[in-house]
Amino acid sequence: MINLLSPVAASLKPRAGFLLFALSLLFFTGSCAAPQDTDLNLAGTGLEQVIVWPQPPQKPRIQYLKSISGPDDIEIKKSWLKKTFDDLLGKEERNIAMLRPYCVFGDADKIYVTDPGIQAVHIFEVVEKNYFQIRNFRGEALLSPIGIATDKSAIYLTDSMLKKVFVFDKKGNPLKEIGKPESFIRPTGIAIDEDRIYVVDTHGNRVSVFSKKDGNFLFQFGKRGTDNGEFNYPTHIFIGKDKLLYITDSMNFRIQIFNRDGSFLSTFGRHGDGSGDFSKPKGISVDSEGHIYVADAQFDNVQIFDRKGRLLLVFGNTGRKKGQMVLPAGVFIDDRDRIYVADSFNKRVQIFQYLTEQKQ
């Protein structure tokens, strides 16, 4: 495992309690201040603007790649013929751009984004250059699509207002529902492994586990409280390569880690405005080397920790430029160590790259 940064003991106050990004973190011997924007008037040279954390001359660990707010950002264009037919059929190109992206999931060739602002799921087929939305399940309109996860054959989606978990095929066709009407109070985060579906029930302060094969309920863990293994409005969940469950225990301002059977293993985090503290933790994900990424919607950044909860690096700060964020929510890391951040108030998903030694 590569050390991103040695742990920092200092606790520095962000301005107005809002910008944790301003904290001065040493990266080996350097600082993790604003991203280095090395746009050196390269227009016409074919070279892209490079934004990295930390700043040169320190070795970069996170690199900004691109932002997506709609189909045009990945060069998806509707043909004149298709547009003509859609116009004749009365298909309206409404809400094609993101309004309030909340959770994001990326796989080999697709990007899935839940958007409760337009009550839909955006699906970008990057390789096939196609775009479509999911807006209903067998005629029942989505109200608040929140959590999303996929495997090779299916899309798993939570709707917090409908209190349901839906399963679709990879083209958005409905397959089945998971659970019963009384199974959830407010389902939000969702994660899947080879044979199980894990659903975070925020208002139920628990995680419910179902069989992936037949959708049957298996067990649940958690209850309202502050002790280890208890929750206070949990929101997001991620399953790491180590098969462990990483859960954002939002109103306890901490991350809790469990094994796949729901047994508590460890926790880190606290409420505050110093380095490594949380104010409004949301999305969580883990890269290939075990570093834990947590999006904080109050600090407008993503903090990176080691397995023991020591702060390693911070990227992002408040703003609308590349690499900046306003109310980030979901974060997801794919098998290529690409980091997808749902930058909610900026109405986009930003994509970053974790630079392992092989990617330097």
# chains A, B, ... in the order shown; residues from 1 in each chain; ligands from 1
$ select_by_dssp --residues "region 127-334 of chain A" --states "strand (DSSP E or B)" --output "PyMOL selection string"
chain A and resi 130-134+136-137+140-141+145-150+154-159+164-169+174-178+187-192+196-201+206-211+217-221+224+231+234-239+245-249+254-258+264-268+271+278+281-286+292-296+301-305+311-315+318+325+328-333
$ residues_around --residues "region 230-247 of chain A" --least-positions-apart "5" --cutoff "8 Å" --atoms "only C-alpha atoms" --output "ChimeraX atom specification"
/A:147,188-193,200-206,222-225,252,255-260,282-288,290,330
$ write_last_selection --atoms "N, CA, C and O atoms" --output "short mmCIF file (atom, residue, chain, number, x, y, z; two decimals), in the first residue's frame"
data_model
loop_
_atom_site.label_atom_id
_atom_site.label_comp_id
_atom_site.auth_asym_id
_atom_site.auth_seq_id
_atom_site.Cartn_x
_atom_site.Cartn_y
_atom_site.Cartn_z
N GLY A 147 -29.98 5.49 -4.00
CA GLY A 147 -28.83 4.60 -4.10
C GLY A 147 -28.87 3.76 -5.35
O GLY A 147 -29.94 3.37 -5.82
N THR A 188 -31.89 4.09 1.37
CA THR A 188 -31.01 5.06 0.70
C THR A 188 -29.85 4.33 0.03
O THR A 188 -29.93 3.90 -1.09
N GLY A 189 -28.73 4.18 0.75
CA GLY A 189 -27.56 3.56 0.16
C GLY A 189 -27.77 2.09 -0.13
O GLY A 189 -28.51 1.39 0.57
N ILE A 190 -27.10 1.61 -1.20
CA ILE A 190 -27.22 0.20 -1.57
C ILE A 190 -25.88 -0.29 -2.09
O ILE A 190 -25.13 0.45 -2.72
N ALA A 191 -25.56 -1.54 -1.77
CA ALA A 191 -24.33 -2.17 -2.27
C ALA A 191 -24.61 -3.65 -2.48
O ALA A 191 -25.47 -4.24 -1.80
N ILE A 192 -23.90 -4.25 -3.41
CA ILE A 192 -24.11 -5.67 -3.72
C ILE A 192 -22.77 -6.38 -3.78
O ILE A 192 -21.74 -5.79 -4.10
N ASP A 193 -22.78 -7.66 -3.42
CA ASP A 193 -21.62 -8.51 -3.66
C ASP A 193 -22.08 -9.70 -4.49
O ASP A 193 -23.09 -9.63 -5.19
N VAL A 200 -29.17 0.30 3.05
CA VAL A 200 -29.15 1.18 4.23
C VAL A 200 -30.54 1.80 4.39
O VAL A 200 -31.08 2.39 3.45
N ASP A 201 -31.11 1.65 5.57
CA ASP A 201 -32.41 2.26 5.88
C ASP A 201 -32.13 3.42 6.83
O ASP A 201 -31.97 3.23 8.04
N THR A 202 -32.09 4.62 6.27
CA THR A 202 -31.64 5.78 7.05
C THR A 202 -32.53 6.04 8.25
O THR A 202 -32.03 6.19 9.38
N HIS A 203 -33.83 6.08 8.08
CA HIS A 203 -34.72 6.37 9.20
C HIS A 203 -34.95 5.14 10.08
O HIS A 203 -35.39 5.27 11.22
N GLY A 204 -34.63 3.98 9.56
CA GLY A 204 -34.71 2.78 10.39
C GLY A 204 -33.44 2.53 11.17
O GLY A 204 -33.41 1.66 12.05
N ASN A 205 -32.37 3.30 10.87
CA ASN A 205 -31.08 3.17 11.54
C ASN A 205 -30.57 1.72 11.54
O ASN A 205 -30.14 1.18 12.56
N ARG A 206 -30.63 1.13 10.35
CA ARG A 206 -30.22 -0.26 10.22
C ARG A 206 -29.82 -0.54 8.77
O ARG A 206 -30.06 0.28 7.87
N GLY A 222 -27.93 -3.33 13.18
CA GLY A 222 -27.95 -1.92 13.56
C GLY A 222 -29.24 -1.51 14.23
O GLY A 222 -30.30 -2.12 14.04
N LYS A 223 -29.13 -0.47 15.06
CA LYS A 223 -30.28 0.17 15.69
C LYS A 223 -29.86 1.59 16.06
O LYS A 223 -28.70 1.97 15.93
N ARG A 224 -30.82 2.39 16.50
CA ARG A 224 -30.53 3.79 16.84
C ARG A 224 -29.65 3.85 18.08
O ARG A 224 -29.91 3.20 19.08
N GLY A 225 -28.55 4.62 17.98
CA GLY A 225 -27.67 4.78 19.12
C GLY A 225 -26.31 5.30 18.72
O GLY A 225 -26.04 5.59 17.55
N ASN A 252 -23.88 10.50 13.46
CA ASN A 252 -22.85 10.22 14.47
C ASN A 252 -21.49 10.72 13.99
O ASN A 252 -20.49 10.54 14.69
N ILE A 255 -17.44 6.96 10.35
CA ILE A 255 -17.49 5.83 9.44
C ILE A 255 -17.42 4.57 10.28
O ILE A 255 -16.57 4.47 11.18
N GLN A 256 -18.29 3.61 10.00
CA GLN A 256 -18.22 2.32 10.68
C GLN A 256 -17.92 1.23 9.66
O GLN A 256 -18.40 1.26 8.52
N ILE A 257 -17.13 0.26 10.08
CA ILE A 257 -16.70 -0.83 9.21
C ILE A 257 -17.17 -2.15 9.81
O ILE A 257 -16.98 -2.40 11.01
N PHE A 258 -17.81 -2.99 8.96
CA PHE A 258 -18.37 -4.26 9.40
C PHE A 258 -17.87 -5.36 8.46
O PHE A 258 -17.49 -5.11 7.32
N ASN A 259 -17.93 -6.61 8.95
CA ASN A 259 -17.72 -7.71 8.01
C ASN A 259 -19.03 -7.96 7.26
O ASN A 259 -20.05 -7.34 7.55
N ARG A 260 -19.01 -8.85 6.30
CA ARG A 260 -20.18 -9.03 5.43
C ARG A 260 -21.39 -9.62 6.16
O ARG A 260 -22.52 -9.58 5.65
N LYS A 282 -21.16 12.08 3.62
CA LYS A 282 -22.13 11.40 2.77
C LYS A 282 -21.47 10.21 2.09
O LYS A 282 -21.27 9.17 2.68
N GLY A 283 -21.14 10.35 0.80
CA GLY A 283 -20.64 9.22 0.05
C GLY A 283 -19.35 8.64 0.58
O GLY A 283 -18.52 9.34 1.14
N ILE A 284 -19.18 7.33 0.38
CA ILE A 284 -17.98 6.64 0.83
C ILE A 284 -17.57 5.61 -0.22
O ILE A 284 -18.42 4.99 -0.86
N SER A 285 -16.27 5.46 -0.40
CA SER A 285 -15.75 4.46 -1.33
C SER A 285 -14.32 4.12 -0.93
O SER A 285 -13.71 4.80 -0.10
N VAL A 286 -13.79 3.05 -1.52
CA VAL A 286 -12.45 2.56 -1.17
C VAL A 286 -11.71 2.23 -2.46
O VAL A 286 -12.27 1.58 -3.35
N ASP A 287 -10.45 2.67 -2.57
CA ASP A 287 -9.69 2.39 -3.79
C ASP A 287 -9.01 1.03 -3.70
O ASP A 287 -9.17 0.28 -2.73
N SER A 288 -8.23 0.69 -4.73
CA SER A 288 -7.63 -0.64 -4.83
C SER A 288 -6.59 -0.90 -3.76
O SER A 288 -6.22 -2.05 -3.52
N GLY A 290 -6.95 0.25 -0.57
CA GLY A 290 -7.56 0.30 0.75
C GLY A 290 -7.73 1.67 1.34
O GLY A 290 -8.14 1.79 2.50
N GLY A 330 -22.67 11.55 -3.37
CA GLY A 330 -22.11 10.22 -3.57
C GLY A 330 -20.71 10.25 -4.13
O GLY A 330 -20.32 11.15 -4.87
#
$ closest_residue --among "A:Thr248, A:Ser279, A:Ser153, A:Ser263" --to "Phe221 (chain A)" --atoms "only C-alpha atoms"
A:Ser263
$ residues_around --residues "region 104-108 of chain A" --least-positions-apart "2" --cutoff "8 Å" --atoms "only C-alpha atoms" --output "ChimeraX atom specification"
/A:101-102,110-114,148-150,330-335,340-342,349
$ write_last_selection --atoms "C-alpha atoms" --output "CSV table (one decimal), in the first residue's frame"
chain,number,residue,atom,x,y,z
A,101,PRO,CA,-27.2,14.2,-8.9
A,102,TYR,CA,-26.9,12.3,-5.7
A,110,LYS,CA,-21.3,2.9,-18.3
A,111,ILE,CA,-22.0,5.6,-15.7
A,112,TYR,CA,-25.2,5.6,-13.6
A,113,VAL,CA,-26.4,8.7,-11.8
A,114,THR,CA,-29.4,9.0,-9.5
A,148,ILE,CA,-27.6,2.7,-7.1
A,149,ALA,CA,-25.4,-0.3,-7.8
A,150,THR,CA,-24.9,-2.7,-10.7
A,330,GLY,CA,-22.1,10.2,-3.6
A,331,VAL,CA,-18.6,9.0,-4.4
A,332,PHE,CA,-17.7,5.8,-6.2
A,333,ILE,CA,-14.4,4.2,-7.2
A,334,ASP,CA,-14.3,1.7,-10.0
A,335,ASP,CA,-11.9,-1.1,-10.8
A,340,TYR,CA,-16.7,9.6,-9.5
A,341,VAL,CA,-18.1,12.4,-7.3
A,342,ALA,CA,-21.7,13.5,-7.5
A,349,VAL,CA,-20.5,14.3,-11.9
$ atom_distance --atom1 "CA of Phe219 (chain A)" --atom2 "CA of Asp195 (chain A)"
13.5 Å
$ closest_atom_pairs --of "region 310-354 of chain A" --to "region 57-61 of chain A" --cutoff "9 Å" --atoms "only C-alpha atoms" --output "JSON lines"
{"residue": "A:Leu313", "atom": "CA", "partner": "A:Arg61", "partner_atom": "CA", "distance": 8.9}
{"residue": "A:Gln353", "atom": "CA", "partner": "A:Arg61", "partner_atom": "CA", "distance": 8.1}
{"residue": "A:Tyr354", "atom": "CA", "partner": "A:Arg61", "partner_atom": "CA", "distance": 5.8}
